[in-house]
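Raw data.cif, mmCIF, C-alpha atoms:
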data_work
loop_
_atom_site.label_atom_id
_atom_site.label_comp_id
_atom_site.auth_asym_id
_atom_site.auth_seq_id
_atom_site.Cartn_x
_atom_site.Cartn_y
_atom_site.Cartn_z
CA MET A 1174 0.00 0.00 0.00
CA ALA A 1175 1.35 3.46 -0.85
CA ALA A 1176 2.79 5.46 2.09
CA ARG A 1177 0.31 8.29 1.65
CA GLY A 1178 -2.64 5.90 1.54
CA THR A 1179 -1.32 4.06 4.61
CA LYS A 1180 -1.17 7.26 6.66
CA LEU A 1181 -4.66 8.29 5.59
CA LEU A 1182 -6.13 4.88 6.42
CA PHE A 1183 -4.53 4.99 9.87
CA LYS A 1184 -6.00 8.46 10.40
CA LEU A 1185 -9.49 7.17 9.52
CA MET A 1186 -9.12 4.25 11.91
CA THR A 1187 -8.11 6.41 14.86
CA GLN A 1188 -10.43 9.41 14.50
CA GLY A 1189 -12.44 10.04 17.64
CA LEU A 1190 -10.48 7.48 19.65
CA PRO A 1191 -8.48 8.16 22.86
CA LYS A 1192 -5.00 9.52 22.13
CA ALA A 1193 -3.54 7.40 24.92
CA ASN A 1194 -4.28 4.30 22.83
CA LEU A 1195 -2.83 5.53 19.52
CA ALA A 1196 0.22 3.27 19.80
CA GLN A 1197 -2.02 0.25 20.19
CA HIS A 1198 -4.19 1.40 17.27
CA GLN A 1199 -1.07 1.76 15.14
CA LYS A 1200 -0.12 -1.85 15.88
CA THR A 1201 -3.68 -2.97 15.11
CA PHE A 1202 -3.62 -1.09 11.82
CA ALA A 1203 -0.34 -2.71 10.83
CA ARG A 1204 -1.77 -6.16 11.48
CA THR A 1205 -4.94 -5.33 9.51
CA ALA A 1206 -2.98 -4.04 6.51
CA ALA A 1207 -0.69 -7.07 6.63
CA GLY A 1208 -3.67 -9.41 6.75
CA LEU A 1209 -5.34 -7.71 3.82
CA ALA A 1210 -2.21 -7.78 1.74
CA GLY A 1211 -1.34 -11.33 2.69
CA PHE A 1212 -4.50 -13.33 2.04
CA ASP A 1213 -4.59 -12.59 -1.69
CA ASN A 1214 -1.56 -10.93 -3.24
CA SER A 1215 -3.25 -10.77 -6.64
CA LYS A 1216 -5.46 -7.91 -5.51
CA ASN A 1217 -4.14 -4.38 -5.87
CA MET A 1218 -4.78 -2.79 -2.50
CA ASP A 1219 -3.81 0.66 -3.81
CA ASN A 1220 -6.79 0.49 -6.16
CA ILE A 1221 -9.15 -0.77 -3.44
CA LEU A 1222 -8.03 1.79 -0.85
CA ASN A 1223 -7.13 4.84 -2.88
CA SER A 1224 -7.28 8.24 -1.22
CA GLU A 1225 -10.70 9.13 -2.66
CA THR A 1226 -12.26 5.88 -1.39
CA MET A 1227 -10.79 6.39 2.08
CA MET A 1228 -12.01 9.97 2.29
CA LYS A 1229 -15.50 8.85 1.29
CA MET A 1230 -15.31 6.06 3.86
CA ASP A 1231 -14.55 8.65 6.52
CA GLN A 1232 -17.47 10.77 5.33
CA TYR A 1233 -20.04 7.96 5.24
CA SER A 1234 -18.93 6.46 8.57
CA LYS A 1235 -20.00 9.72 10.24
CA TYR A 1236 -23.57 9.26 8.99
CA ALA A 1237 -25.98 7.37 11.22
CA PRO A 1238 -27.90 4.59 9.45
CA ALA A 1239 -31.60 5.38 8.98
CA PRO A 1240 -33.68 2.57 10.58
CA ILE A 1241 -36.91 1.73 8.80
CA SER A 1242 -39.90 -0.23 10.02
CA ILE A 1243 -41.88 -3.06 8.46
CA LYS A 1244 -44.66 -0.52 7.98
CA ASN A 1245 -42.26 1.75 6.05
CA LEU A 1246 -41.18 -1.15 3.84
CA LEU A 1247 -44.78 -2.14 3.20
CA GLU A 1248 -45.94 1.37 2.32
CA HIS A 1249 -42.89 1.91 0.15
CA GLY A 1250 -43.60 -1.30 -1.77
CA GLN A 1251 -47.24 -0.31 -2.30
CA ASN A 1252 -46.74 3.33 -3.27
CA SER A 1253 -43.16 4.07 -4.27
CA THR A 1254 -41.03 3.53 -7.38
CA SER A 1255 -37.69 1.98 -8.24
CA LEU A 1256 -36.26 5.49 -8.59
CA ASN A 1257 -37.22 6.36 -5.01
CA SER A 1258 -35.66 3.09 -3.81
CA PHE A 1259 -32.50 3.94 -5.72
CA LEU A 1260 -32.25 7.43 -4.22
CA PHE A 1261 -32.59 6.04 -0.69
CA MET A 1262 -30.30 3.04 -1.06
CA ARG A 1263 -27.46 4.76 -2.91
CA LYS A 1264 -26.68 6.58 0.36
CA GLU A 1265 -28.02 4.12 2.96
CA ILE A 1266 -26.10 1.02 1.88
CA PRO A 1267 -22.66 2.72 1.74
CA THR A 1268 -23.46 4.30 5.12
CA ARG A 1269 -24.09 0.88 6.66
CA LEU A 1270 -21.02 -0.57 4.95
CA ALA A 1271 -18.74 2.26 6.12
CA ASN A 1272 -19.99 2.02 9.71
CA MET A 1273 -19.14 -1.67 9.79
CA ILE A 1274 -15.75 -1.28 8.08
CA MET A 1275 -14.66 1.06 10.87
CA GLU A 1276 -15.72 -1.49 13.50
CA ILE A 1277 -13.99 -4.44 11.82
CA LYS A 1278 -10.72 -2.53 12.01
CA LEU A 1279 -11.00 -2.35 15.80
CA LEU A 1280 -11.18 -6.10 16.35
CA PRO A 1281 -8.76 -7.83 18.76
CA GLN A 1282 -5.45 -8.81 17.20
CA ASP A 1283 -6.05 -12.55 17.53
CA LEU A 1284 -9.09 -12.25 15.28
CA LEU A 1285 -7.72 -9.61 12.92
CA LYS A 1286 -4.80 -11.78 11.90
CA GLN A 1287 -7.06 -14.57 10.63
CA ARG A 1288 -7.21 -14.83 6.84
CA GLU A 1289 -11.01 -15.12 6.80
CA CYS A 1290 -11.42 -11.93 8.81
CA ALA A 1291 -9.10 -10.02 6.48
CA GLU A 1292 -11.07 -11.29 3.49
CA ILE A 1293 -14.37 -10.15 5.01
CA LEU A 1294 -12.94 -6.67 5.56
CA ASN A 1295 -11.69 -6.63 1.98
CA ASP A 1296 -15.15 -7.60 0.70
CA TYR A 1297 -16.78 -4.78 2.66
CA ILE A 1298 -14.33 -2.25 1.24
CA ILE A 1299 -14.92 -3.46 -2.33
CA SER A 1300 -18.70 -3.28 -1.86
CA PHE A 1301 -18.41 0.23 -0.45
CA ARG A 1302 -16.32 1.29 -3.43
CA ASP A 1303 -18.84 -0.26 -5.83
CA MET A 1304 -21.64 1.83 -4.31
CA LEU A 1305 -19.72 5.10 -4.70
CA VAL A 1306 -20.24 4.88 -8.47
CA PHE A 1307 -23.90 5.91 -7.94
CA GLU A 1308 -23.28 8.76 -5.50
CA HIS A 1309 -24.20 11.43 -8.06
CA ALA A 1310 -26.19 9.31 -10.51
CA LYS A 1311 -29.58 10.74 -11.52
CA GLY A 1312 -31.42 7.43 -11.67
CA SER A 1313 -31.80 6.93 -15.42
CA VAL A 1314 -32.93 3.58 -16.79
CA GLY A 1315 -29.29 2.67 -17.36
CA ASP A 1316 -28.39 3.74 -13.81
CA LEU A 1317 -31.16 1.58 -12.35
CA ASP A 1318 -30.15 -1.47 -14.38
CA ARG A 1319 -26.52 -1.13 -13.36
CA PHE A 1320 -27.54 -0.44 -9.74
CA THR A 1321 -29.57 -3.65 -9.61
CA GLU A 1322 -26.64 -5.59 -11.03
CA ILE A 1323 -24.23 -4.14 -8.44
CA LEU A 1324 -26.66 -4.84 -5.58
CA ASN A 1325 -26.85 -8.49 -6.58
CA MET A 1326 -23.07 -8.68 -6.82
CA ILE A 1327 -22.80 -7.26 -3.29
CA ARG A 1328 -25.34 -9.74 -1.96
CA ARG A 1329 -23.47 -12.68 -3.49
CA ARG A 1330 -20.14 -11.34 -2.25
CA HIS A 1331 -21.29 -11.39 1.36
CA LEU A 1332 -23.21 -14.69 1.34
CA ASP A 1333 -20.41 -16.46 3.19
CA THR A 1334 -19.71 -13.75 5.77
CA VAL A 1335 -21.19 -15.79 8.63
CA PRO A 1336 -19.48 -19.17 8.00
CA MET A 1337 -16.20 -17.42 7.13
CA MET A 1338 -16.21 -15.37 10.33
CA ALA A 1339 -17.18 -18.52 12.22
CA GLN A 1340 -14.03 -20.17 10.90
CA ALA A 1341 -11.92 -17.19 11.97
CA VAL A 1342 -13.45 -17.21 15.45
CA ARG A 1343 -13.14 -21.00 15.74
CA LYS A 1344 -9.38 -20.65 15.49
CA LEU A 1345 -9.46 -18.79 18.81
CA ASN A 1346 -10.35 -22.15 20.44
CA ALA A 1347 -13.04 -20.76 22.76
CA ALA A 1348 -14.61 -23.76 24.48
CA ASP A 1349 -17.47 -21.84 26.11
CA GLY A 1350 -17.99 -19.30 23.34
CA VAL A 1351 -16.29 -16.03 22.51
CA THR A 1352 -15.29 -13.11 24.73
CA GLU A 1353 -17.75 -10.32 25.51
CA THR A 1354 -15.95 -7.98 23.10
CA ILE A 1355 -16.12 -10.40 20.17
CA GLN A 1356 -19.72 -11.34 21.04
CA TYR A 1357 -20.60 -7.63 20.92
CA PHE A 1358 -18.87 -7.21 17.56
CA LEU A 1359 -20.35 -10.34 15.96
CA ASP A 1360 -23.87 -9.29 16.94
CA ARG A 1361 -23.26 -5.96 15.21
CA LEU A 1362 -21.57 -7.47 12.13
CA TYR A 1363 -24.32 -10.01 11.55
CA ILE A 1364 -27.24 -7.66 12.14
CA ASN A 1365 -25.58 -5.18 9.77
CA ARG A 1366 -25.40 -7.99 7.21
CA ILE A 1367 -29.05 -8.91 7.83
CA SER A 1368 -30.09 -5.29 7.29
CA ILE A 1369 -28.21 -4.88 4.01
CA HIS A 1370 -29.53 -8.18 2.66
CA MET A 1371 -33.02 -7.15 3.74
CA LEU A 1372 -32.84 -3.90 1.75
CA ILE A 1373 -31.43 -5.63 -1.32
CA SER A 1374 -33.93 -8.51 -1.19
CA HIS A 1375 -36.85 -6.12 -0.76
CA TYR A 1376 -35.63 -4.00 -3.68
CA ASN A 1377 -35.23 -7.07 -5.92
CA ALA A 1378 -38.60 -8.52 -4.93
CA LEU A 1379 -40.36 -5.29 -5.89
CA LEU A 1380 -38.69 -4.04 -9.08
CA GLY A 1381 -41.71 -1.95 -9.95
CA GLU A 1382 -44.36 -4.39 -8.69
CA SER A 1383 -46.54 -3.37 -5.74
CA LYS A 1384 -47.76 -6.93 -5.03
CA ASN A 1385 -47.03 -10.40 -6.37
CA LEU A 1386 -49.39 -13.31 -7.04
CA VAL A 1387 -49.32 -14.60 -3.45
CA GLY A 1388 -49.98 -11.19 -1.90
CA MET A 1389 -46.41 -10.44 -0.86
CA VAL A 1390 -45.22 -6.83 -1.05
CA GLY A 1391 -41.53 -7.25 -1.69
CA THR A 1392 -40.28 -9.42 1.18
CA ILE A 1393 -43.22 -8.40 3.42
CA ASP A 1394 -46.36 -10.47 3.83
CA PRO A 1395 -49.18 -8.19 5.08
CA LYS A 1396 -51.15 -11.25 6.21
CA CYS A 1397 -48.46 -13.72 7.15
CA ASP A 1398 -49.98 -16.95 8.49
CA VAL A 1399 -47.70 -17.69 11.44
CA LEU A 1400 -48.85 -21.29 11.87
CA SER A 1401 -48.20 -22.00 8.18
CA VAL A 1402 -44.65 -20.62 8.43
CA CYS A 1403 -44.16 -22.69 11.57
CA LYS A 1404 -45.18 -25.89 9.80
CA GLY A 1405 -42.93 -25.07 6.84
CA ALA A 1406 -39.93 -24.58 9.12
CA TYR A 1407 -40.75 -27.84 10.91
CA GLU A 1408 -40.88 -29.76 7.61
CA ALA A 1409 -37.53 -28.32 6.52
CA ALA A 1410 -35.91 -29.27 9.84
CA SER A 1411 -37.51 -32.73 9.68
CA GLY A 1412 -35.70 -33.51 6.44
CA ILE A 1413 -32.33 -32.70 8.00
CA CYS A 1414 -33.21 -34.66 11.14
CA ASP A 1415 -34.19 -37.71 9.07
CA ALA A 1416 -30.83 -37.61 7.31
CA GLU A 1417 -29.03 -37.53 10.68
CA TYR A 1418 -31.18 -39.76 12.91
CA PHE A 1419 -33.44 -41.61 10.39
CA GLU A 1420 -36.56 -40.26 12.17
CA HIS A 1421 -37.95 -37.07 13.62
CA PRO A 1422 -40.38 -36.07 16.39
CA LEU A 1423 -43.96 -35.23 15.49
CA LEU A 1424 -45.26 -31.70 15.90
CA LYS A 1425 -48.42 -30.59 17.70
CA ALA A 1426 -49.04 -26.95 16.83
CA THR A 1427 -51.89 -24.61 17.77
CA ALA A 1428 -52.59 -20.91 17.33
CA MET A 1429 -54.80 -18.43 19.17
CA ASP A 1430 -55.52 -14.75 18.59
CA THR A 1431 -56.42 -13.58 22.10
CA SER A 1432 -57.53 -10.21 20.72
CA ASP A 1433 -60.13 -11.87 18.46
CA LYS A 1434 -63.39 -12.54 20.30
CA ASN A 1435 -64.82 -14.55 17.41
CA LEU A 1436 -64.36 -18.21 18.34
CA THR A 1437 -64.55 -19.32 14.71
CA THR A 1438 -61.59 -17.18 13.57
CA GLN A 1439 -59.39 -16.80 16.66
CA GLU A 1440 -57.40 -19.93 15.79
CA LYS A 1441 -55.88 -18.15 12.77
CA VAL A 1442 -52.97 -15.86 13.65
CA THR A 1443 -51.79 -13.48 10.93
CA SER A 1444 -49.63 -10.37 11.03
CA THR A 1445 -47.42 -8.16 8.87
CA LEU A 1446 -44.08 -9.96 8.98
CA VAL A 1447 -41.05 -11.03 6.95
CA PRO A 1448 -41.79 -14.76 6.42
CA SER A 1449 -38.20 -15.65 5.51
CA HIS A 1450 -36.91 -14.25 8.81
CA LEU A 1451 -39.55 -16.08 10.83
CA HIS A 1452 -38.78 -19.29 8.94
CA GLN A 1453 -35.05 -18.94 9.71
CA ILE A 1454 -35.75 -18.44 13.42
CA LEU A 1455 -38.15 -21.37 13.77
CA PHE A 1456 -36.04 -23.65 11.56
CA GLU A 1457 -33.06 -23.32 13.93
CA ILE A 1458 -35.20 -23.86 17.03
CA PHE A 1459 -36.86 -26.95 15.57
CA LYS A 1460 -33.46 -28.37 14.59
CA ASN A 1461 -32.23 -28.02 18.17
CA SER A 1462 -35.41 -29.48 19.62
CA MET A 1463 -35.31 -32.45 17.24
CA ARG A 1464 -31.68 -33.22 17.97
CA ALA A 1465 -32.23 -33.04 21.73
CA THR A 1466 -35.37 -35.20 21.51
CA CYS A 1467 -33.74 -37.88 19.35
CA GLU A 1468 -30.58 -38.09 21.44
CA ASN A 1469 -32.47 -38.08 24.74
CA ALA A 1470 -34.77 -40.86 23.49
CA GLU A 1471 -31.72 -42.89 22.50
CA ARG A 1472 -30.13 -42.44 25.92
CA LYS A 1473 -33.32 -43.57 27.64
CA ASN A 1474 -34.03 -46.37 25.15
CA LEU A 1475 -37.48 -44.97 24.37
CA THR A 1476 -39.45 -46.85 21.71
CA GLU A 1477 -41.26 -43.70 20.57
CA LEU A 1478 -40.03 -40.14 20.22
CA PRO A 1479 -41.83 -37.54 22.38
CA TYR A 1480 -43.58 -34.92 20.25
CA ILE A 1481 -42.62 -31.26 20.01
CA ARG A 1482 -45.29 -28.78 21.04
CA CYS A 1483 -45.71 -25.35 19.43
CA ARG A 1484 -48.18 -22.78 20.73
CA ILE A 1485 -48.73 -19.45 18.96
CA PHE A 1486 -50.42 -16.52 20.72
CA LYS A 1487 -51.34 -13.12 19.34
CA THR A 1488 -52.11 -10.23 21.71
CA GLN A 1489 -52.68 -6.50 21.25
CA ASP A 1490 -48.91 -5.84 21.21
CA ASP A 1491 -46.99 -9.04 20.53
CA ILE A 1492 -46.91 -12.40 18.86
CA THR A 1493 -45.46 -15.09 21.12
CA ILE A 1494 -44.40 -18.51 19.83
CA LYS A 1495 -43.63 -21.11 22.50
CA ILE A 1496 -41.81 -24.26 21.34
CA SER A 1497 -41.48 -27.04 23.92
CA ASP A 1498 -39.58 -30.32 23.77
CA ILE A 1499 -38.85 -33.23 26.07
CA GLY A 1500 -35.22 -33.51 25.06
CA GLY A 1501 -33.53 -33.70 28.43
CA GLY A 1502 -33.18 -29.96 29.00
CA ILE A 1503 -30.06 -27.84 29.49
CA LYS A 1504 -27.97 -27.47 32.62
CA ARG A 1505 -28.68 -24.23 34.45
CA GLU A 1506 -25.05 -23.16 34.16
CA SER A 1507 -25.22 -23.58 30.38
CA VAL A 1508 -28.51 -21.80 29.62
CA GLU A 1509 -26.86 -18.36 29.44
CA LYS A 1510 -24.17 -19.72 27.13
CA VAL A 1511 -26.46 -21.02 24.36
CA PHE A 1512 -26.55 -17.58 22.73
CA ASN A 1513 -22.75 -17.32 22.74
CA TYR A 1514 -21.14 -17.70 19.33
CA MET A 1515 -19.17 -20.93 18.93
CA TYR A 1516 -20.82 -22.51 21.98
CA SER A 1517 -22.79 -25.66 21.27
CA THR A 1518 -24.16 -28.49 23.37
CA ALA A 1519 -23.52 -30.76 20.38
CA PRO A 1520 -20.05 -32.01 19.37
CA LYS A 1521 -18.23 -29.31 17.43
CA VAL A 1522 -17.59 -29.77 13.74
CA ASP A 1523 -15.07 -28.19 11.43
CA VAL A 1524 -16.13 -26.65 8.13
CA PRO A 1525 -13.03 -26.05 5.98
CA GLY A 1526 -13.07 -22.90 3.89
CA GLY A 1527 -16.43 -21.69 5.18
CA GLY A 1528 -18.22 -24.81 4.01
CA SER A 1529 -21.08 -23.30 2.01
CA TYR A 1530 -19.18 -22.66 -1.23
CA GLY A 1531 -21.14 -19.51 -1.93
CA ALA A 1532 -24.57 -20.80 -0.92
CA GLY A 1533 -24.58 -19.04 2.45
CA LEU A 1534 -26.44 -20.33 5.51
CA SER A 1535 -28.89 -22.41 3.47
CA ALA A 1536 -26.14 -24.61 2.02
CA ASP A 1537 -26.57 -28.38 2.20
CA THR A 1538 -22.86 -28.67 3.02
CA LEU A 1539 -23.41 -27.11 6.46
CA PRO A 1540 -24.13 -29.66 9.21
CA MET A 1541 -27.28 -29.93 11.34
CA HIS A 1542 -25.52 -28.93 14.55
CA GLY A 1543 -22.18 -28.20 16.16
CA LEU A 1544 -21.30 -24.88 14.48
CA GLY A 1545 -22.39 -22.80 17.48
CA TYR A 1546 -24.08 -19.88 15.73
CA GLY A 1547 -27.62 -21.11 14.92
CA LEU A 1548 -29.32 -19.76 18.05
CA PRO A 1549 -27.29 -16.51 18.27
CA LEU A 1550 -28.21 -15.71 14.66
CA SER A 1551 -31.84 -16.62 15.22
CA ARG A 1552 -32.00 -14.20 18.12
CA LEU A 1553 -30.54 -11.49 15.89
CA TYR A 1554 -33.22 -12.11 13.26
CA ALA A 1555 -35.81 -11.69 16.01
CA ARG A 1556 -34.16 -8.59 17.49
CA TYR A 1557 -33.66 -7.00 14.06
CA PHE A 1558 -37.30 -5.87 14.07
CA ARG A 1559 -37.51 -5.41 17.87
CA GLY A 1560 -38.45 -8.95 18.83
CA ASP A 1561 -36.49 -11.41 20.98
CA ILE A 1562 -35.87 -15.04 21.93
CA LYS A 1563 -35.81 -16.37 25.49
CA ILE A 1564 -35.06 -19.87 26.78
CA SER A 1565 -36.33 -21.64 29.89
CA SER A 1566 -35.11 -25.15 30.59
CA VAL A 1567 -35.49 -27.91 33.17
CA ASP A 1568 -32.34 -30.01 33.28
CA GLY A 1569 -33.24 -33.65 32.94
CA TYR A 1570 -36.62 -33.00 31.34
CA GLY A 1571 -36.95 -30.48 28.50
CA THR A 1572 -36.73 -26.94 27.16
CA ASP A 1573 -39.17 -24.14 26.32
CA VAL A 1574 -38.14 -21.53 23.76
CA TYR A 1575 -40.12 -18.30 23.51
CA VAL A 1576 -40.02 -16.25 20.29
CA TYR A 1577 -41.40 -12.72 20.55
CA MET A 1578 -42.34 -10.65 17.50
CA GLN A 1579 -43.89 -7.19 17.24
CA ARG A 1580 -47.53 -7.36 16.22
CA VAL A 1581 -47.80 -3.69 15.22
CA SER A 1582 -45.80 -3.05 12.04
CA HIS A 1583 -44.75 0.51 12.87
CA MET A 1584 -43.19 -0.76 16.12
CA ALA A 1585 -41.15 -3.37 14.21
CA GLN A 1586 -38.30 -0.97 13.40
CA GLU A 1587 -34.78 -1.97 12.40
CA ASN A 1588 -32.35 -2.38 15.28
CA LEU A 1589 -29.10 -1.16 13.68
CA PRO A 1590 -25.50 -0.79 14.89
CA VAL A 1591 -24.04 2.72 14.72
CA TYR A 1592 -20.30 3.37 14.70
CA ASN A 1593 -19.47 6.05 17.29
CA ALA A 1594 -17.29 6.71 20.33
CA ASN A 1595 -19.37 4.36 22.50
CA SER A 1596 -19.08 1.39 20.15
CA SER A 1597 -15.36 2.07 19.68
CA ALA A 1598 -14.84 2.04 23.44
CA LYS A 1599 -16.73 -1.24 23.84
CA LEU A 1600 -14.81 -2.91 21.04
CA GLN A 1601 -11.53 -1.98 22.72
CA ASN A 1602 -12.64 -2.65 26.27
CA VAL A 1603 -10.87 -5.36 28.25
CA ALA A 1604 -12.70 -6.01 31.51
CA THR A 1605 -10.34 -6.40 34.46
CA GLN A 1606 -12.83 -6.32 37.31
CA VAL A 1607 -13.46 -9.74 38.86
CA PRO A 1608 -17.21 -10.50 38.75
CA ASP A 1609 -18.93 -11.11 42.06
CA TRP A 1610 -22.19 -12.83 42.96
CA THR A 1611 -24.24 -9.73 42.04
CA ASP A 1612 -23.19 -10.04 38.38
CA ILE A 1613 -25.15 -13.20 37.70
CA GLN A 1614 -24.83 -13.19 33.92
CA ARG A 1615 -21.02 -12.96 33.98
CA MET A 1616 -20.72 -15.52 36.77
CA SER A 1617 -22.89 -18.11 35.00
#
Exercise: express the given structure as structure tokens:
Amino acid sequence: MAARGTKLLFKLMTQGLPKANLAQHQKTFARTAAGLAGFDNSKNMDNILNSETMMKMDQYSKYAPAPISIKNLLEHGQNSTSLNSFLFMRKEIPTRLANMIMEIKLLPQDLLKQRECAEILNDYIISFRDMLVFEHAKGSVGDLDRFTEILNMIRRRHLDTVPMMAQAVRKLNAADGVTETIQYFLDRLYINRISIHMLISHYNALLGESKNLVGMVGTIDPKCDVLSVCKGAYEAASGICDAEYFEHPLLKATAMDTSDKNLTTQEKVTSTLVPSHLHQILFEIFKNSMRATCENAERKNLTELPYIRCRIFKTQDDITIKISDIGGGIKRESVEKVFNYMYSTAPKVDVPGGGSYGAGLSADTLPMHGLGYGLPLSRLYARYFRGDIKISSVDGYGTDVYVYMQRVSHMAQENLPVYNANSSAKLQNVATQVPDWTDIQRMS
């Protein structure tokens, strides 16, 4: 990298950070640059990180991402045009990319030096540079066609971000999951990825159409049948379970709209949701429940697998999905760890080179369990639109998983990471205080 470009990049990395730590930042920068240059020498880093790109990166990283709600996405799909989408996304996507690039550069040295991490950073920089082409574009037909092409290239480029980062983190050999700093970063990296893919998928699904044949508006279903999505996720998980254990537990699922006083219709729960996100969440939970049920039945020599129970409730404010299994439960000391990246109650598996070969998280090459990021990612999909996942377990018996989703679409607003002094401080924080009994979460 040219000397001038190196100095400018270091300046961008250290802006707004404590001067007392500049020496440490300088070392971190050197490792980052070395990693980027080392993993693929065929790429010209001077072209990727020229002075204009770095100055724009500094500019866009100072913008705060603009969170949008499911209601916004729905109304936009019904009333807006491709040109309006273009005008919004040509600034919003590079803003989200630049915010995340700045955070990746602050990662701990043990993670920064991993080849996969350096490649992810490189991909983010290339995607940011690709978006700059449209900064002053007017939105002509040619601009829109090229913009759509670039968006799809960006989406494909980042398909393997999760399995690649999982490989980088796995090399840290964290038996009980990652440190608090890396957990904080990974949550932000993955929810940033979810948000960018959401915008691109919604844009592609619309492309001038306000509604498709099945009533979807882009990626939004205004009348999403929650029980139907639940059954679809169960069927998908059943196929994987059959391949692993040659059988799968049956499902007993019910739904109730507590706000509907009509007894003939209250068993149908619908809401304005993103079906693909809900499917991803339930798919991971069903996989875990099936594995636990099958293995517990084998340990106890049961002749028949206990069924999995799913109850769906709709209230004035929320949709709650409770999934219960009789799979032996989780030890109390381990319940808090199940949302830690790289922690798994199943035997860990290794996935060389990311494992999905460009197919992302839906790849058939990824195993049923043992990667340690299924539940953490599912919780992020829930939290992305202000929902959540909670777990309650009885060791020796079974586990209840609660999925919470916003019922009201304007309340389901994106939960986005913002690069600022607070996030920088957390990413560089190394806790030295010994936890005591009052800090239950850290002691568990």
Pick from A:Ile1393, A:Leu1324, A:Ile1454, A:Ala1406, whichever lies nearest to A:Leu1379 using all atoms listed in the file: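 Comparing A:Ile1393, A:Leu1324, A:Ile1454, A:Ala1406 against A:Leu1379, the winner is A:Ile1393.
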Residue neighbourhood A:Lys1396, 7 Å, all atoms listed in the file, exclusion window fewer than 5 positions, as a VMD selection string: chain A and resid 1443 to 1445
Write a file of the selected residues as a PDB file, in the frame of the given file, keeping C-alpha atoms.
ATOM      1  CA  THR A1443     -51.790 -13.480  10.930  1.00  0.00           C
ATOM      2  CA  SER A1444     -49.630 -10.370  11.030  1.00  0.00           C
ATOM      3  CA  THR A1445     -47.420  -8.160   8.870  1.00  0.00           C
TER       4      THR A1445
END
All residues 7 Å or closer to A:Glu1289, all atoms listed in the file, same chain fewer than 2 positions away omitted, as number ranges by chain: A: 1287, 1291-1293, 1337-1338, 1341
Point (-36.1, -37.0, 10.0) neighbourhood (10 Å, all atoms listed in the file) written as a PyMOL selection string: chain A and resi 1408-1423+1463-1464+1467
Residues matched by the PyMOL selection byres ((chain A and resi 1243-1254) around 10), written as a PyMOL selection string: chain A and resi 1240-1242+1255-1259+1372+1375-1376+1378-1384+1389-1395+1445-1447+1558+1579+1581-1587
Atomic distance atom CA of A:Val1387 - atom CA of A:His1331, expressed in Å with one decimal: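 Going from atom CA of A:Val1387 over to atom CA of A:His1331, I get 28.6 Å.
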From A:Leu1451, A:Leu1305, A:Val1314, A:Ala1470, residue lying nearest A:Glu1225 [all atoms listed in the file]: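 Smallest separation from A:Glu1225 among the options: A:Leu1305.
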Distance query stretch 1350-1367 of chain A at most 6 Å, only C-alpha atoms, self and fewer than 5 positions along chain excluded, as a list in words: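 What passes the distance filter is Asn1513, Tyr1514, Met1515, Tyr1516, Pro1590 and Leu1600 of chain A.
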So that I have them on file, write out the residues from the current selection with C-alpha atoms, as a PDB file, in the coordinates of the input.
ATOM      1  CA  ASN A1513     -22.750 -17.320  22.740  1.00  0.00           C
ATOM      2  CA  TYR A1514     -21.140 -17.700  19.330  1.00  0.00           C
ATOM      3  CA  MET A1515     -19.170 -20.930  18.930  1.00  0.00           C
ATOM      4  CA  TYR A1516     -20.820 -22.510  21.980  1.00  0.00           C
ATOM      5  CA  PRO A1590     -25.500  -0.790  14.890  1.00  0.00           C
ATOM      6  CA  LEU A1600     -14.810  -2.910  21.040  1.00  0.00           C
TER       7      LEU A1600
END
Atomic distance atom CA of A:Pro1336 - atom CA of A:Lys1264, expressed in Å with one decimal: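 Distance reported for this atom pair: 27.8 Å.
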Residue among A:Arg1329, A:Arg1302, A:Arg1482, A:Arg1552 lying closest to A:Tyr1233, counting only C-alpha atoms: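 That would be A:Arg1302, the residue with the smallest distance to A:Tyr1233.
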Enumerate, as a PDB file with C-alpha atoms, in the frame of the given file, the protein, DNA and RNA residues whose atoms approach (-29.6, -19.2, 14.4) to within 10 Å, taking into account all atoms listed in the file and the coordinate frame of the file.
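Below is the file result24.pdb, written as the result:
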ATOM      1  CA  GLN A1453     -35.050 -18.940   9.710  1.00  0.00           C
ATOM      2  CA  ILE A1454     -35.750 -18.440  13.420  1.00  0.00           C
ATOM      3  CA  LEU A1455     -38.150 -21.370  13.770  1.00  0.00           C
ATOM      4  CA  PHE A1456     -36.040 -23.650  11.560  1.00  0.00           C
ATOM      5  CA  GLU A1457     -33.060 -23.320  13.930  1.00  0.00           C
ATOM      6  CA  ILE A1458     -35.200 -23.860  17.030  1.00  0.00           C
ATOM      7  CA  LYS A1460     -33.460 -28.370  14.590  1.00  0.00           C
ATOM      8  CA  ASN A1461     -32.230 -28.020  18.170  1.00  0.00           C
ATOM      9  CA  PHE A1512     -26.550 -17.580  22.730  1.00  0.00           C
ATOM     10  CA  TYR A1514     -21.140 -17.700  19.330  1.00  0.00           C
ATOM     11  CA  LEU A1534     -26.440 -20.330   5.510  1.00  0.00           C
ATOM     12  CA  GLY A1545     -22.390 -22.800  17.480  1.00  0.00           C
ATOM     13  CA  TYR A1546     -24.080 -19.880  15.730  1.00  0.00           C
ATOM     14  CA  GLY A1547     -27.620 -21.110  14.920  1.00  0.00           C
ATOM     15  CA  LEU A1548     -29.320 -19.760  18.050  1.00  0.00           C
ATOM     16  CA  PRO A1549     -27.290 -16.510  18.270  1.00  0.00           C
ATOM     17  CA  LEU A1550     -28.210 -15.710  14.660  1.00  0.00           C
ATOM     18  CA  SER A1551     -31.840 -16.620  15.220  1.00  0.00           C
ATOM     19  CA  ARG A1552     -32.000 -14.200  18.120  1.00  0.00           C
ATOM     20  CA  LEU A1553     -30.540 -11.490  15.890  1.00  0.00           C
ATOM     21  CA  TYR A1554     -33.220 -12.110  13.260  1.00  0.00           C
ATOM     22  CA  ALA A1555     -35.810 -11.690  16.010  1.00  0.00           C
TER      23      ALA A1555
END
